[in-house]
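*Asks:* Below you'll find target_12.cif; it's mmCIF, C-alpha atoms.
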```cif
data_protein
#
loop_
_atom_site.label_atom_id
_atom_site.label_comp_id
_atom_site.auth_asym_id
_atom_site.auth_seq_id
_atom_site.Cartn_x
_atom_site.Cartn_y
_atom_site.Cartn_z
CA MET A 3 -2.07 49.65 21.19
CA ASN A 4 -3.07 46.02 21.38
CA SER A 5 -5.78 46.62 23.92
CA ASN A 6 -8.55 46.00 21.45
CA LYS A 7 -6.98 42.92 19.95
CA GLN A 8 -9.49 40.12 19.73
CA THR A 9 -8.78 36.57 20.63
CA ILE A 10 -8.76 34.76 17.33
CA PRO A 11 -10.00 31.19 17.66
CA ILE A 12 -7.77 28.61 16.07
CA VAL A 13 -9.81 26.43 13.79
CA GLN A 14 -8.84 22.89 14.60
CA LYS A 15 -8.80 20.17 12.08
CA ILE A 16 -12.27 18.77 12.02
CA LEU A 17 -12.12 15.16 13.02
CA SER A 18 -13.96 12.72 10.89
CA VAL A 19 -17.07 11.22 12.42
CA ASN A 20 -15.24 7.98 12.99
CA ASP A 21 -12.19 9.57 14.59
CA ASP A 22 -14.43 11.60 16.86
CA LEU A 23 -16.37 8.53 17.99
CA ALA A 24 -13.13 6.59 18.41
CA SER A 25 -11.85 9.32 20.75
CA ARG A 26 -15.03 9.09 22.80
CA ASN A 27 -14.69 5.30 23.00
CA LYS A 28 -11.08 5.64 24.12
CA ASN A 29 -11.93 8.24 26.76
CA LEU A 30 -14.71 6.10 28.17
CA LEU A 31 -12.47 3.03 28.28
CA SER A 32 -9.70 5.02 29.98
CA GLU A 33 -12.14 6.39 32.56
CA LYS A 34 -13.16 2.83 33.37
CA GLY A 35 -9.53 1.79 33.72
CA ILE A 36 -9.74 -0.53 30.71
CA LEU A 37 -6.84 -1.16 28.32
CA ALA A 38 -8.15 -1.84 24.79
CA LEU A 39 -6.18 -3.75 22.13
CA ASN A 40 -7.05 -3.66 18.42
CA ILE A 41 -5.85 -6.96 16.94
CA MET A 42 -5.48 -6.80 13.16
CA ALA A 43 -4.22 -9.42 10.72
CA SER A 44 -4.68 -11.25 7.46
CA PRO A 45 -7.30 -14.02 7.58
CA GLY A 46 -5.86 -17.15 9.15
CA SER A 47 -2.79 -15.62 10.79
CA GLY A 48 -3.98 -16.72 14.22
CA LYS A 49 -5.75 -13.73 15.80
CA THR A 50 -8.28 -15.92 17.58
CA SER A 51 -5.64 -18.43 18.64
CA LEU A 52 -3.58 -15.59 20.15
CA ILE A 53 -6.63 -14.28 22.01
CA LEU A 54 -7.42 -17.76 23.35
CA ARG A 55 -3.82 -18.22 24.50
CA THR A 56 -3.82 -14.76 26.10
CA ILE A 57 -7.02 -15.58 27.97
CA GLU A 58 -5.60 -18.91 29.14
CA SER A 59 -2.51 -17.28 30.60
CA LEU A 60 -4.09 -14.11 32.06
CA ALA A 61 -7.70 -14.89 32.96
CA GLY A 62 -6.76 -15.77 36.55
CA ARG A 63 -5.05 -12.40 37.05
CA ILE A 64 -7.07 -9.85 35.11
CA LYS A 65 -10.65 -9.48 33.92
CA ILE A 66 -10.90 -9.81 30.14
CA GLY A 67 -13.65 -9.00 27.65
CA VAL A 68 -13.63 -9.59 23.90
CA ILE A 69 -15.29 -7.94 20.89
CA GLU A 70 -15.23 -10.20 17.82
CA GLY A 71 -15.52 -8.67 14.36
CA ASP A 72 -16.76 -10.91 11.56
CA THR A 73 -18.02 -10.17 8.06
CA ALA A 74 -20.59 -12.95 8.25
CA PRO A 75 -23.09 -14.05 10.92
CA VAL A 76 -21.05 -17.03 12.07
CA THR A 77 -20.00 -17.45 15.70
CA ILE A 78 -17.06 -19.81 15.14
CA ASP A 79 -14.56 -17.55 16.91
CA ALA A 80 -16.94 -16.09 19.49
CA ASP A 81 -17.98 -19.60 20.55
CA LYS A 82 -14.37 -20.54 21.25
CA ILE A 83 -13.98 -17.52 23.54
CA SER A 84 -17.34 -18.01 25.21
CA ASN A 85 -16.32 -21.59 26.00
CA LEU A 86 -13.61 -20.13 28.26
CA ASN A 87 -16.31 -18.25 30.23
CA ILE A 88 -15.11 -14.86 29.00
CA PRO A 89 -17.66 -12.16 28.14
CA VAL A 90 -17.69 -11.82 24.36
CA VAL A 91 -19.76 -9.80 21.89
CA GLN A 92 -19.80 -10.66 18.23
CA ILE A 93 -20.18 -7.87 15.70
CA ASN A 94 -21.33 -8.96 12.27
CA THR A 95 -20.18 -6.19 9.94
CA GLY A 96 -22.66 -7.30 7.27
CA GLY A 97 -19.95 -7.79 4.68
CA GLU A 98 -17.99 -4.67 5.63
CA CYS A 99 -14.24 -5.15 5.45
CA HIS A 100 -13.29 -3.64 8.82
CA LEU A 101 -14.64 -2.67 12.23
CA ASP A 102 -15.34 1.00 12.90
CA ALA A 103 -15.75 3.04 16.07
CA SER A 104 -19.55 2.92 15.89
CA MET A 105 -19.59 -0.89 15.78
CA VAL A 106 -17.13 -1.08 18.65
CA ARG A 107 -19.29 1.30 20.68
CA LYS A 108 -22.24 -1.06 20.24
CA GLY A 109 -20.00 -3.87 21.43
CA MET A 110 -18.90 -1.84 24.45
CA ASP A 111 -22.52 -1.08 25.32
CA ALA A 112 -23.30 -4.81 25.30
CA LEU A 113 -20.52 -5.61 27.79
CA ASP A 114 -20.37 -4.94 31.53
CA LEU A 115 -17.41 -2.55 31.37
CA SER A 116 -17.21 -2.26 35.16
CA ASN A 117 -16.05 -5.86 35.19
CA ILE A 118 -13.32 -5.63 32.50
CA GLU A 119 -9.67 -4.54 32.74
CA LEU A 120 -8.49 -5.73 29.32
CA LEU A 121 -10.71 -5.38 26.25
CA ILE A 122 -9.45 -7.33 23.25
CA ILE A 123 -10.97 -6.31 19.92
CA GLU A 124 -10.51 -8.81 17.09
CA ASN A 125 -10.79 -6.90 13.83
CA VAL A 126 -11.93 -8.39 10.51
CA GLY A 127 -9.18 -10.42 8.84
CA ASN A 128 -7.84 -7.91 6.32
CA LEU A 129 -4.40 -6.35 5.77
CA VAL A 130 -5.73 -3.22 4.07
CA CYS A 131 -8.95 -1.59 5.29
CA PRO A 132 -8.70 -1.77 9.12
CA ALA A 133 -5.63 0.50 8.94
CA ALA A 134 -7.83 3.53 8.21
CA PHE A 135 -10.35 3.16 11.05
CA ARG A 136 -9.54 3.92 14.65
CA LEU A 137 -11.82 2.16 17.12
CA GLY A 138 -10.95 3.69 20.48
CA GLU A 139 -8.10 1.29 21.13
CA HIS A 140 -5.04 2.15 23.22
CA LYS A 141 -2.72 -0.24 21.41
CA ASN A 142 -2.60 -1.40 17.79
CA ILE A 143 -1.25 -4.87 17.16
CA VAL A 144 -0.79 -6.82 13.95
CA VAL A 145 -0.47 -10.59 13.97
CA SER A 146 1.66 -11.90 11.11
CA SER A 147 2.44 -15.54 10.50
CA ILE A 148 5.33 -17.42 8.95
CA PRO A 149 3.43 -19.02 6.03
CA GLU A 150 2.16 -15.61 4.85
CA GLY A 151 5.67 -14.78 3.71
CA ASP A 152 8.36 -12.32 4.74
CA ASP A 153 7.45 -9.61 2.20
CA LYS A 154 4.11 -8.51 3.68
CA PRO A 155 5.35 -5.33 5.47
CA TYR A 156 6.65 -4.13 2.10
CA LYS A 157 3.46 -4.97 0.20
CA TYR A 158 0.87 -3.82 2.76
CA PRO A 159 2.72 -1.00 4.57
CA ASN A 160 -0.32 0.96 5.78
CA ILE A 161 -1.49 -1.69 8.21
CA TYR A 162 2.02 -2.17 9.61
CA ARG A 163 2.50 1.55 10.29
CA GLY A 164 2.00 2.97 13.79
CA LEU A 165 2.00 -0.34 15.62
CA ASP A 166 2.56 -0.80 19.35
CA ALA A 167 3.49 -4.44 18.92
CA LEU A 168 3.92 -7.00 16.15
CA VAL A 169 3.24 -10.66 16.82
CA LEU A 170 4.92 -13.10 14.45
CA ASN A 171 2.94 -16.30 14.88
CA LYS A 172 3.46 -19.91 13.69
CA VAL A 173 7.25 -19.97 14.20
CA ASP A 174 6.81 -23.76 14.52
CA LEU A 175 6.44 -23.79 10.71
CA LEU A 176 9.85 -22.16 10.10
CA PRO A 177 11.51 -25.50 9.19
CA TYR A 178 8.98 -26.07 6.39
CA VAL A 179 8.58 -22.61 4.86
CA GLU A 180 11.02 -20.16 3.29
CA PHE A 181 10.95 -17.08 5.51
CA ASP A 182 13.76 -14.58 6.09
CA ILE A 183 13.11 -13.24 9.60
CA GLU A 184 15.70 -10.46 9.31
CA TYR A 185 14.14 -9.20 6.06
CA PHE A 186 10.70 -9.27 7.66
CA LYS A 187 11.88 -7.46 10.81
CA ALA A 188 13.68 -4.82 8.74
CA GLY A 189 10.37 -4.07 7.00
CA ILE A 190 8.54 -3.77 10.33
CA SER A 191 11.26 -1.65 11.96
CA ALA A 192 11.46 0.74 9.00
CA LEU A 193 7.77 1.54 9.57
CA ASN A 194 7.92 1.36 13.38
CA PRO A 195 11.40 2.10 14.77
CA GLY A 196 11.93 0.22 18.03
CA VAL A 197 8.57 -1.55 18.03
CA GLU A 198 8.29 -4.75 20.07
CA ILE A 199 8.26 -7.90 17.92
CA PHE A 200 7.10 -11.14 19.52
CA GLU A 201 8.11 -14.34 17.76
CA LEU A 202 5.83 -17.06 19.04
CA SER A 203 3.70 -20.08 18.27
CA CYS A 204 0.15 -20.29 19.53
CA LYS A 205 0.26 -23.98 18.64
CA THR A 206 3.30 -24.99 20.71
CA GLY A 207 3.26 -22.14 23.25
CA THR A 208 6.79 -20.97 22.39
CA GLY A 209 7.33 -17.27 23.11
CA LEU A 210 3.96 -16.66 24.75
CA ASP A 211 5.43 -15.71 28.17
CA HIS A 212 7.14 -12.67 26.69
CA TRP A 213 3.87 -11.55 25.07
CA LYS A 214 1.93 -12.08 28.33
CA GLU A 215 4.47 -10.00 30.29
CA TRP A 216 4.21 -7.18 27.76
CA ILE A 217 0.42 -7.04 28.15
CA LEU A 218 0.70 -6.95 31.93
CA GLN A 219 3.21 -4.08 31.64
CA GLN A 220 0.81 -2.15 29.42
CA ILE A 221 -2.01 -2.61 31.91
CA GLU A 222 0.19 -1.42 34.79
CA ALA A 223 1.39 1.61 32.81
CA ASP A 224 -2.18 2.45 31.75
CA MET B 23 -57.54 -3.50 -32.37
CA ASN B 24 -53.87 -3.62 -31.40
CA SER B 25 -52.75 -1.71 -34.43
CA ASN B 26 -51.94 1.44 -32.48
CA LYS B 27 -50.20 -0.33 -29.63
CA GLN B 28 -46.87 1.27 -28.90
CA THR B 29 -43.74 -0.64 -28.23
CA ILE B 30 -43.05 -0.11 -24.57
CA PRO B 31 -39.34 -0.08 -23.80
CA ILE B 32 -38.31 -2.32 -20.95
CA VAL B 33 -36.22 -0.36 -18.50
CA GLN B 34 -33.22 -2.48 -17.74
CA LYS B 35 -31.46 -2.48 -14.48
CA ILE B 36 -28.93 0.29 -14.68
CA LEU B 37 -25.51 -1.20 -14.30
CA SER B 38 -23.15 0.48 -11.95
CA VAL B 39 -20.28 2.35 -13.54
CA ASN B 40 -17.90 -0.43 -12.56
CA ASP B 41 -20.10 -3.22 -13.85
CA ASP B 42 -20.57 -1.38 -17.11
CA LEU B 43 -16.84 -0.89 -17.58
CA ALA B 44 -16.19 -4.51 -16.59
CA SER B 45 -18.59 -5.63 -19.33
CA ARG B 46 -16.72 -3.50 -21.87
CA ASN B 47 -13.40 -4.99 -20.72
CA LYS B 48 -14.79 -8.49 -21.01
CA ASN B 49 -16.21 -7.86 -24.48
CA LEU B 50 -12.92 -6.45 -25.71
CA LEU B 51 -10.97 -9.38 -24.28
CA SER B 52 -13.40 -11.87 -25.85
CA GLU B 53 -13.14 -10.13 -29.23
CA LYS B 54 -9.38 -10.50 -29.05
CA GLY B 55 -9.71 -14.19 -28.17
CA ILE B 56 -8.25 -13.68 -24.71
CA LEU B 57 -9.30 -15.66 -21.65
CA ALA B 58 -9.01 -13.53 -18.49
CA LEU B 59 -8.65 -14.97 -14.98
CA ASN B 60 -9.25 -12.94 -11.82
CA ILE B 61 -7.07 -14.48 -9.10
CA MET B 62 -8.20 -13.52 -5.60
CA ALA B 63 -6.88 -14.61 -2.20
CA SER B 64 -5.82 -13.64 1.26
CA PRO B 65 -2.31 -12.12 1.46
CA GLY B 66 0.32 -14.84 1.39
CA SER B 67 -1.82 -17.69 0.09
CA GLY B 68 0.40 -18.07 -2.95
CA LYS B 69 -1.27 -16.15 -5.79
CA THR B 70 2.06 -15.08 -7.28
CA SER B 71 3.57 -18.53 -6.82
CA LEU B 72 0.60 -20.06 -8.65
CA ILE B 73 0.97 -17.55 -11.49
CA LEU B 74 4.71 -18.28 -11.76
CA ARG B 75 4.04 -22.04 -11.83
CA THR B 76 1.30 -21.57 -14.43
CA ILE B 77 3.66 -19.55 -16.62
CA GLU B 78 6.39 -22.18 -16.25
CA SER B 79 4.11 -24.96 -17.43
CA LEU B 80 2.19 -23.12 -20.16
CA ALA B 81 4.44 -20.38 -21.57
CA GLY B 82 5.69 -22.67 -24.34
CA ARG B 83 2.15 -23.41 -25.52
CA ILE B 84 0.15 -20.21 -25.05
CA LYS B 85 0.87 -16.50 -24.90
CA ILE B 86 0.41 -15.13 -21.40
CA GLY B 87 0.13 -11.59 -20.03
CA VAL B 88 -0.21 -10.54 -16.39
CA ILE B 89 -1.75 -7.59 -14.56
CA GLU B 90 -0.45 -7.29 -10.99
CA GLY B 91 -2.51 -5.44 -8.39
CA ASP B 92 -0.68 -4.05 -5.37
CA THR B 93 -1.68 -1.53 -2.70
CA ALA B 94 1.83 -0.08 -2.56
CA PRO B 95 4.35 0.96 -5.22
CA VAL B 96 6.53 -2.12 -4.81
CA THR B 97 7.35 -4.37 -7.74
CA ILE B 98 8.25 -7.51 -5.78
CA ASP B 99 5.69 -9.69 -7.57
CA ALA B 100 5.86 -7.98 -10.96
CA ASP B 101 9.64 -8.41 -11.00
CA LYS B 102 9.32 -12.15 -10.51
CA ILE B 103 6.98 -12.39 -13.52
CA SER B 104 9.06 -10.05 -15.65
CA ASN B 105 12.07 -12.27 -14.96
CA LEU B 106 10.25 -15.03 -16.90
CA ASN B 107 10.03 -12.70 -19.93
CA ILE B 108 6.26 -12.43 -19.65
CA PRO B 109 4.58 -9.06 -20.36
CA VAL B 110 3.42 -7.69 -17.01
CA VAL B 111 1.81 -4.44 -15.89
CA GLN B 112 1.76 -3.45 -12.27
CA ILE B 113 -1.19 -1.45 -10.97
CA ASN B 114 -0.56 0.40 -7.73
CA THR B 115 -4.01 0.93 -6.24
CA GLY B 116 -2.70 3.73 -4.00
CA GLY B 117 -3.87 2.01 -0.84
CA GLU B 118 -7.18 0.83 -2.30
CA CYS B 119 -8.18 -2.62 -1.12
CA HIS B 120 -9.13 -4.14 -4.48
CA LEU B 121 -8.72 -3.79 -8.22
CA ASP B 122 -11.62 -2.33 -10.21
CA ALA B 123 -12.56 -2.40 -13.88
CA SER B 124 -11.07 1.04 -14.55
CA MET B 125 -7.67 0.01 -13.19
CA VAL B 126 -7.75 -3.20 -15.20
CA ARG B 127 -8.61 -1.25 -18.35
CA LYS B 128 -5.49 0.86 -17.83
CA GLY B 129 -3.51 -2.36 -17.48
CA MET B 130 -5.07 -3.76 -20.67
CA ASP B 131 -4.20 -0.56 -22.54
CA ALA B 132 -0.56 -0.94 -21.48
CA LEU B 133 -0.32 -4.49 -22.85
CA ASP B 134 -0.12 -5.67 -26.46
CA LEU B 135 -3.41 -7.56 -26.42
CA SER B 136 -2.88 -8.91 -29.93
CA ASN B 137 -0.08 -11.02 -28.51
CA ILE B 138 -1.91 -12.51 -25.50
CA GLU B 139 -4.18 -15.56 -25.24
CA LEU B 140 -4.35 -15.83 -21.45
CA LEU B 141 -4.54 -12.71 -19.25
CA ILE B 142 -3.94 -13.44 -15.57
CA ILE B 143 -5.05 -10.66 -13.22
CA GLU B 144 -3.63 -10.88 -9.69
CA ASN B 145 -5.99 -8.98 -7.41
CA VAL B 146 -4.98 -7.30 -4.14
CA GLY B 147 -4.57 -9.80 -1.30
CA ASN B 148 -7.90 -9.45 0.48
CA LEU B 149 -10.71 -11.91 1.26
CA VAL B 150 -13.42 -9.25 1.48
CA CYS B 151 -13.40 -6.29 -0.92
CA PRO B 152 -12.46 -7.83 -4.31
CA ALA B 153 -15.69 -9.88 -4.18
CA ALA B 154 -17.76 -6.79 -5.02
CA PHE B 155 -15.83 -5.56 -8.07
CA ARG B 156 -15.99 -7.26 -11.41
CA LEU B 157 -12.99 -6.54 -13.65
CA GLY B 158 -13.92 -7.98 -17.01
CA GLU B 159 -12.69 -11.46 -16.16
CA HIS B 160 -14.12 -14.66 -17.65
CA LYS B 161 -13.25 -16.82 -14.67
CA ASN B 162 -13.08 -16.08 -10.96
CA ILE B 163 -10.61 -18.09 -8.93
CA VAL B 164 -9.75 -18.00 -5.25
CA VAL B 165 -6.47 -19.39 -3.94
CA SER B 166 -6.76 -20.72 -0.40
CA SER B 167 -3.91 -22.27 1.54
CA ILE B 168 -3.65 -24.90 4.24
CA PRO B 169 -2.18 -22.69 7.01
CA GLU B 170 -5.03 -20.17 6.67
CA GLY B 171 -7.36 -22.72 8.26
CA ASP B 172 -10.33 -24.76 7.13
CA ASP B 173 -13.01 -22.32 8.34
CA LYS B 174 -12.43 -19.50 5.86
CA PRO B 175 -15.33 -20.28 3.46
CA TYR B 176 -17.67 -20.00 6.44
CA LYS B 177 -16.17 -16.74 7.72
CA TYR B 178 -15.63 -14.92 4.39
CA PRO B 179 -18.45 -16.37 2.24
CA ASN B 180 -18.80 -13.47 -0.22
CA ILE B 181 -15.42 -14.00 -1.83
CA TYR B 182 -15.97 -17.75 -2.15
CA ARG B 183 -19.34 -17.32 -3.89
CA GLY B 184 -19.65 -17.64 -7.66
CA LEU B 185 -16.24 -19.19 -8.25
CA ASP B 186 -15.19 -21.05 -11.39
CA ALA B 187 -12.35 -22.81 -9.57
CA LEU B 188 -10.85 -23.01 -6.11
CA VAL B 189 -7.14 -23.68 -5.67
CA LEU B 190 -6.12 -25.11 -2.29
CA ASN B 191 -2.40 -24.39 -2.09
CA LYS B 192 0.36 -25.50 0.30
CA VAL B 193 -0.87 -29.08 0.73
CA ASP B 194 2.77 -29.89 1.58
CA LEU B 195 2.06 -28.31 5.00
CA LEU B 196 -0.82 -30.71 5.81
CA PRO B 197 1.36 -32.85 8.12
CA TYR B 198 2.17 -29.83 10.29
CA VAL B 199 -1.14 -27.95 10.46
CA GLU B 200 -4.62 -28.92 11.64
CA PHE B 201 -6.84 -28.71 8.58
CA ASP B 202 -10.01 -30.72 7.87
CA ILE B 203 -10.17 -30.90 4.07
CA GLU B 204 -13.70 -32.34 4.02
CA TYR B 205 -14.99 -29.49 6.21
CA PHE B 206 -13.28 -26.95 3.97
CA LYS B 207 -14.62 -28.53 0.77
CA ALA B 208 -18.14 -28.71 2.21
CA GLY B 209 -17.98 -24.95 2.78
CA ILE B 210 -16.81 -24.33 -0.78
CA SER B 211 -19.35 -26.68 -2.35
CA ALA B 212 -22.25 -25.20 -0.37
CA LEU B 213 -21.47 -21.84 -2.02
CA ASN B 214 -20.50 -23.29 -5.43
CA PRO B 215 -22.14 -26.65 -6.12
CA GLY B 216 -19.90 -28.76 -8.34
CA VAL B 217 -17.06 -26.26 -8.55
CA GLU B 218 -13.60 -27.59 -9.43
CA ILE B 219 -11.26 -27.76 -6.43
CA PHE B 220 -7.53 -28.19 -7.09
CA GLU B 221 -5.44 -29.43 -4.18
CA LEU B 222 -1.84 -28.58 -4.98
CA SER B 223 1.48 -27.27 -3.78
CA CYS B 224 3.29 -24.56 -5.69
CA LYS B 225 6.37 -25.43 -3.62
CA THR B 226 6.60 -29.14 -4.48
CA GLY B 227 4.63 -29.12 -7.74
CA THR B 228 2.07 -31.67 -6.54
CA GLY B 229 -1.29 -31.32 -8.28
CA LEU B 230 -0.19 -28.67 -10.78
CA ASP B 231 -0.80 -30.85 -13.86
CA HIS B 232 -4.52 -31.03 -13.12
CA TRP B 233 -4.67 -27.23 -12.79
CA LYS B 234 -2.74 -26.73 -16.04
CA GLU B 235 -5.10 -29.05 -17.93
CA TRP B 236 -8.12 -27.16 -16.59
CA ILE B 237 -6.76 -23.85 -17.87
CA LEU B 238 -6.07 -25.32 -21.31
CA GLN B 239 -9.65 -26.64 -21.41
CA GLN B 240 -11.01 -23.18 -20.55
CA ILE B 241 -8.95 -21.62 -23.35
CA GLU B 242 -10.17 -24.20 -25.87
CA ALA B 243 -13.79 -23.72 -24.76
CA ASP B 244 -13.46 -19.93 -24.89
#
```
Before we go any further, please render this structure as structure tokens.
*Replies:*
Amino acid sequence: MNSNKQTIPIVQKILSVNDDLASRNKNLLSEKGILALNIMASPGSGKTSLILRTIESLAGRIKIGVIEGDTAPVTIDADKISNLNIPVVQINTGGECHLDASMVRKGMDALDLSNIELLIIENVGNLVCPAAFRLGEHKNIVVSSIPEGDDKPYKYPNIYRGLDALVLNKVDLLPYVEFDIEYFKAGISALNPGVEIFELSCKTGTGLDHWKEWILQQIEAD
Amino acid sequence: MNSNKQTIPIVQKILSVNDDLASRNKNLLSEKGILALNIMASPGSGKTSLILRTIESLAGRIKIGVIEGDTAPVTIDADKISNLNIPVVQINTGGECHLDASMVRKGMDALDLSNIELLIIENVGNLVCPAAFRLGEHKNIVVSSIPEGDDKPYKYPNIYRGLDALVLNKVDLLPYVEFDIEYFKAGISALNPGVEIFELSCKTGTGLDHWKEWILQQIEAD
């Protein structure tokens, strides 16, 4: 008696324009064998320093490209990366407070993707808005730093949610700043059970080996 | 021959809803004899520490009230202020990246304005979005800090534009961090010729007297 039953299409949740474009970006990057990292942080936490250190330690082994997001047409960060002979595209958001998938696509189009294995995307320095915009990344990473204070995961939870790794930078300043690492880590772990947390200093180099090994593992697993 | 000339109304620029409400807030505060400060900064620069220090040094002389903006329903900062027996209202923006004039109005309505001479509004920690939303404040202040780096006025110019004062916090960390104060100040002054810049440390207390005197002058001039 079910012979005439029609197949009823399931109406899927309509993806937002940005989510849809982010999925396309991610698929294209995956097809090309590229691992893409979305690096988010407060201004001045050391995103660019971490990218420079990562390039220094990995550029001989893997091919890296960088997309730099900035709210203003200044090339301070992009110049530092270009000086290391790494392909870099700067995206001026025109005052916008975050990158989006459309901007990242323009950046991808301006790079020679056939010659990149690791694409590092430096988001605009902002602990609020970038949380809501997927870019096409495979891994989401927040860089925190000791002088920002240990309460940030509690006060800006959205950006700390759904992370693949958390980098805690500027541990060289621990002797001079009040910072309860266990309280900070408890805040991160409550939002991301079992997430990797890298305590390091881009200034002194402490802890960078562990971070480098993690990236290489992600590329191999990709 | 001009006797029949009509008066032609000049069409004024239509203010945005937020600007209009901000003007109403400002007018109400002025009528009540209240000076309102909008304190903006990157997360972790020390906005709350500066407010606590300001309360400590001025609470005996003037009546202070505080509106605390947070993106999440945590009362970490508001509790610290309440502990000093200062009237404080916390506004949870529900994930929004800035305060707006409507939120501040709700905060004003929850305070006894007849018992306040200085209203300190702590904006959400964000160097991008708060720049575009007037609240009804009389003075706009950005708190920068040494570990954020000396290039921030060049990379986030919108928030540094149109300031009445710039507080450079955490000068106690200068021995441990690379920071070119002249480069930083040149960036601030290019956007705000002649603006007051206060170099201080909320941790050690260095430079706070100068800041306190400036606030008292603004109240007297108000």
*Asks:* Write out as a tab-separated table a residue-level contact list of range 74-183 of chain B versus range 140-151 of chain A with cut-off 10 Å: for each qualifying residue the closest pair of atoms and the distance in Å to one decimal, counting only C-alpha atoms, rows sorted by chain and residue number upward.
*Replies:*
```
residue	atom	partner	partner_atom	distance
B:Ser167	CA	A:Pro149	CA	9.2
B:Ile168	CA	A:Pro149	CA	9.4
B:Pro169	CA	A:Pro149	CA	6.8
B:Glu170	CA	A:Pro149	CA	8.6
```
*Asks:* Residues of chain A within 6 Å of chain B, counting only C-alpha atoms - could you list those as a PyMOL selection string?
*Replies:* chain A and resi 46+74+99+130+150-151+157
*Asks:* Run the PyMOL selection byres ((chain A and resi 124) around 6) on the file and write out the hits as JSON, numbers by chain.
*Replies:* {"A": [41, 70, 71, 123, 125]}
*Asks:* Using the chain letters and numbers from the file, which residues does the PyMOL selection byres ((chain A and resi 67) around 6) grab, as a ChimeraX atom specification?
*Replies:* /A:66,68,89-90,118,121
*Asks:* Rank nothing, just name the residue among B:Val126, B:Ile219, B:Ile203, B:Leu188 nearest to Ser45 in chain B, using only C-alpha atoms.
*Replies:*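 Checking each of B:Val126, B:Ile219, B:Ile203, B:Leu188 against Ser45 in chain B, counting only C-alpha atoms, the winner is B:Val126.
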